[in-house]
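Undergrad: Here's a structure for you.
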There are 2 protein chains.
Amino acid sequence: MKQYNNPEKSTWPSLLQRPVQAMKQLEATVAMVLEEVRSSGDKAVKKYTKHFDRVTVDNLLVTQEELEKAGDQVSNDLKQAIAVAKNNIEKFHAAQQESELRIEISKGVECWRKSVPIEKVGLYIPGGTAPLFSTVLMLGVPAQLAGCDEIVLCTPPGKDGKVNPVILYAAQLVGISKVVKAGGIQAIGAMAYGTASVPQVYKIFGPGNQYVTAAKQLINKEGIAIDMPAGPSEVMVWADATADPEFIAADLLSQAEHGGDSQVILVTTEAQLVTTVNEAVAEQLDALPRKAIAQRALENSKAFVLESNGLVLDMINAYAPEHLIVAVSNAEQYVDAIKNAGSVFLGNYTPESAGDYASGTNHTLPTNGFAKAYSGVSLDSYLKKITFQKISREGLLDLGPVIEQMAEAEQLMAHKNAVSIRLQKLTAL
Amino acid sequence: MKQYNNPEKSTWPSLLQRPVQAMKQLEATVAMVLEEVRSSGDKAVKKYTKHFDRVTVDNLLVTQEELEKAGDQVSNDLKQAIAVAKNNIEKFHAAQQESELRIEISKGVECWRKSVPIEKVGLYIPGGTAPLFSTVLMLGVPAQLAGCDEIVLCTPPGKDGKVNPVILYAAQLVGISKVVKAGGIQAIGAMAYGTASVPQVYKIFGPGNQYVTAAKQLINKEGIAIDMPAGPSEVMVWADATADPEFIAADLLSQAEHGGDSQVILVTTEAQLVTTVNEAVAEQLDALPRKAIAQRALENSKAFVLESNGLVLDMINAYAPEHLIVAVSNAEQYVDAIKNAGSVFLGNYTPESAGDYASGTNHTLPTNGFAKAYSGVSLDSYLKKITFQKISREGLLDLGPVIEQMAEAEQLMAHKNAVSIRLQKLTAL
């Protein structure tokens, strides 16, 4: 980790800059594949699955039997772990349910908001070497709690044309019945436009590589909602003398192993800590199977030594980390000073891994500084709120003149007339 | 209004299609102006204000004195009306405040979510013939309730280089201190990138013409949040024999006067009603100052006669109207069947104008079918939710093995190690 001691605040923006994603160059390819999926449906999805994933898929949908039998290939230990995680995620997200609040604004004027599930949602689960079943839980549990009618899951098939059984096991566990063997741009296109096999959805969730991200951006411009913009994963760790350097090193490495472009930042008021953490990182790194990836990420990682906790908090809020670990004494006292972050882990015994898997909070979080304006995935991400209002005759007699006055001042006379015509009838009664 | 009697469901998608917005053609212009604002700041904003709005502006910011004195030019009647509307909007949006819910997931594992205001937000208020001060209230009140630190308002200056005093009066009333005399693409660019006069914001709200909409889409792709995608305004009215054709006509016209591309749809089970509503529309139209605009919108408007309330509800949910007026007997019984809509007005004495101005609900709503996945602007639009968690030693001893099991199954050994290294120290104690 490169160490910076008390850098000037004016240099922070450049020091904290994320690697730029070269989306623009991909857009032509992405737009072309999307257009072909829109016009040729399943045929295009299969064509590009063959092209990009190098596998021929006859039937895009996983069969009911495959889904039901997936559990046979999952160990009981893993099943039990998944059950605990699912239960915790349910607990945390179920608590986000809001009751309908009916407000009497004035006599005869009632307004309220109702949470209504988004009817059709699509979940994207990336492929790759390992089955990301934890993301199935993170996206599927709130979708089911929200009551979405149709939940479609797309994930690229392996070289054998099959979907990893743990993904399928997690999918059926959260009540997803439609699993599509497709990934990449073609999967996003299939969910955005609908094909013979894949229902069109109104919102698409989930992480992915830069092609998936670019495809989500493009269909978002066409009016399909997406969970949030995406960028490489990242962690910022704030540690002081009470932190355990070995724990900090392990937390930094857990982020670094995600990908060579992962962002790993240590910030502290104790210069000495940087040295001990660096030593622990070097020691732990060797034992990791994903050492090469972690090493690449570490090459771009930074350690900042700042003069005060106030400056540390300023830097946290300027960076807006996806994950923030606060390994300092009395960590909780700083909660109110943290203004920009996705998810925050307090104390020495709260590793990011806990939130990644099993404590109950969602692991789909805003990266790339988007935590300044975006929240992570929650129950709300699967709901929209419809406002309702009901005005009685008395209510309109009272509020009507206010509306007339304002409409007239905006020179919208038909808006005014919609009230006037009612008031005339009411006063003529 | 063109009348359709019992059209086949298969024809609904084409019958309910919105006019296509030709965004693609604008994008080159929009991208060019944005880029120039990014590189040249205020200079570019002034240049394009002169170019597009044909007015020279020396100082982009409205002075404190102008803000304070704006009220002198607003009538007392209008001030009182604005006060009532502001109070109602505050009441409805303040009720959306959520208390922090701390969950003990299991012994020693505590998780919670905290609502935190988006620090810097930008509000866009379109120019044009009339001062849209109601939108200042709709966007400004929840921004202030949320506690946003910096609220910037951009609105194009009139030919005299000034901002309409009612806009300024409403702005200072909701506590906005930074009003920028700029509109169009250059205003969106200034708020997205920041200039010497205009602070950079993290989220941009507000309606606008197709240039503004395209600019918002482009900066959204760069990671600045926006309130929602936009399209022409629209109303769907569901009426039965108990509805008053004159009221229905007035409601349809109030939408039609917005613009020639406004969408106005009547849906009913009573064929006779279409005739009487058409007559009332013809009669009321003549008296409207914006008759020409309303007429153009009416030319594209449609009346559907369907066989059952069930089919009507299907059509409502398929169209997902921005505004839905339910002028049928016992309107409230249908609330749970309405799945896709922005804001719903129940009964004969609840005109859309009420929600547009003064009942308290927000008038910034999803158009273009986006109500299938998006909500209107609310207090939440100005907040993000940060998740926090705190795990004790006992909590990690209990939950740790679950995390280890899952991380190992995902082949993320550094994730596992972040737990293992802590468990080792704990069990060695």
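In the structure tokens, chains take the letters A, B, ... in the order shown, each chain's residues start at 1, and ligands count up from 1 in the order shown.
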Hey, what's within 7 Å of region 146-151 of chain A if we count only C-alpha atoms and toss same-chain stuff fewer than 2 positions away? As a list in words, please?

TA: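 Skipping anything fewer than 2 positions along the chain leaves Pro117, Ile118, Glu119, Lys120, Val121, Gly122, Pro142, Ala143, Gln144, Leu153, Ile176, Lys178, Leu379, Tyr382 and Leu383 of chain A.
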
Undergrad: Find the spatial neighbours of Val152 (chain B), counting only C-alpha atoms, within a cut-off of 10 Å - ignore same-chain residues fewer than 6 positions away - and output them as an NGL selection string.

TA: :B and (120-124 or 140 or 171 or 176-180 or 191 or 198-201 or 204)

Undergrad: With DSSP run on the backbone, what are the helix (DSSP H, G or I) residues within region 77-191 of chain B? I'd like them as a PyMOL selection string.

TA: chain B and resi 77-94+133-146+165-173+184-191

Undergrad: To one decimal place in Å, what is the distance between CA of Ala418 (chain B) and CA of Ile403 (chain B)?

TA: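 Between these atoms lies a distance of 9.7 Å.
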
Undergrad: So, counting only C-alpha atoms, which residue among B:Asp160, B:Glu222, B:Asp261, B:Asp240 is closest to Tyr193 (chain B)?

TA: B:Glu222

Undergrad: Could you tell me how far CA of Gly260 (chain A) sits from CA of Thr276 (chain A), in Å to one decimal place?

TA: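 Calculated distance between CA of Thr276 (chain A) and CA of Gly260 (chain A) is 23.2 Å.
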
Undergrad: Find the residues near Gln3 (chain B): any atom within 9 Å, counting only C-alpha atoms, skip ones fewer than 5 places away on the same chain, and give them as a list in words.

TA: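 Surrounding residues, per the criterion: Val274, Lys302, Ala303, Phe304 and Val305 of chain B.
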
Undergrad: Emit the selected residues as a PDB file, in the first residue's frame, including N, CA and C atoms.

TA:
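Resulting contents of result.pdb:
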```pdb
ATOM      1  N   VAL B 274     -69.120   8.746 -22.988  1.00  0.00           N
ATOM      2  CA  VAL B 274     -68.135   9.308 -23.916  1.00  0.00           C
ATOM      3  C   VAL B 274     -68.764  10.462 -24.703  1.00  0.00           C
ATOM      4  N   LYS B 302     -57.810   9.504 -26.345  1.00  0.00           N
ATOM      5  CA  LYS B 302     -58.633   8.330 -26.647  1.00  0.00           C
ATOM      6  C   LYS B 302     -59.652   8.073 -25.551  1.00  0.00           C
ATOM      7  N   ALA B 303     -60.802   7.552 -25.954  1.00  0.00           N
ATOM      8  CA  ALA B 303     -61.801   7.097 -24.984  1.00  0.00           C
ATOM      9  C   ALA B 303     -62.031   5.614 -25.220  1.00  0.00           C
ATOM     10  N   PHE B 304     -61.903   4.839 -24.174  1.00  0.00           N
ATOM     11  CA  PHE B 304     -62.116   3.392 -24.295  1.00  0.00           C
ATOM     12  C   PHE B 304     -63.394   3.004 -23.566  1.00  0.00           C
ATOM     13  N   VAL B 305     -64.248   2.252 -24.265  1.00  0.00           N
ATOM     14  CA  VAL B 305     -65.429   1.682 -23.603  1.00  0.00           C
ATOM     15  C   VAL B 305     -65.166   0.193 -23.431  1.00  0.00           C
TER      16      VAL B 305
END
```

Undergrad: Under the rule that only C-alpha atoms are counted, which of A:Lys390, A:Lys425, A:His93, A:Lys47 is the nearest residue to chain B?

TA: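 With only C-alpha atoms as the atom set, the closest residue is A:Lys390.
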
Undergrad: Between B:Thr195, B:Gln255, B:Thr364, B:Gln272, which has the minimum distance to Pro207 (chain B) (counting only C-alpha atoms)?

TA: B:Thr364
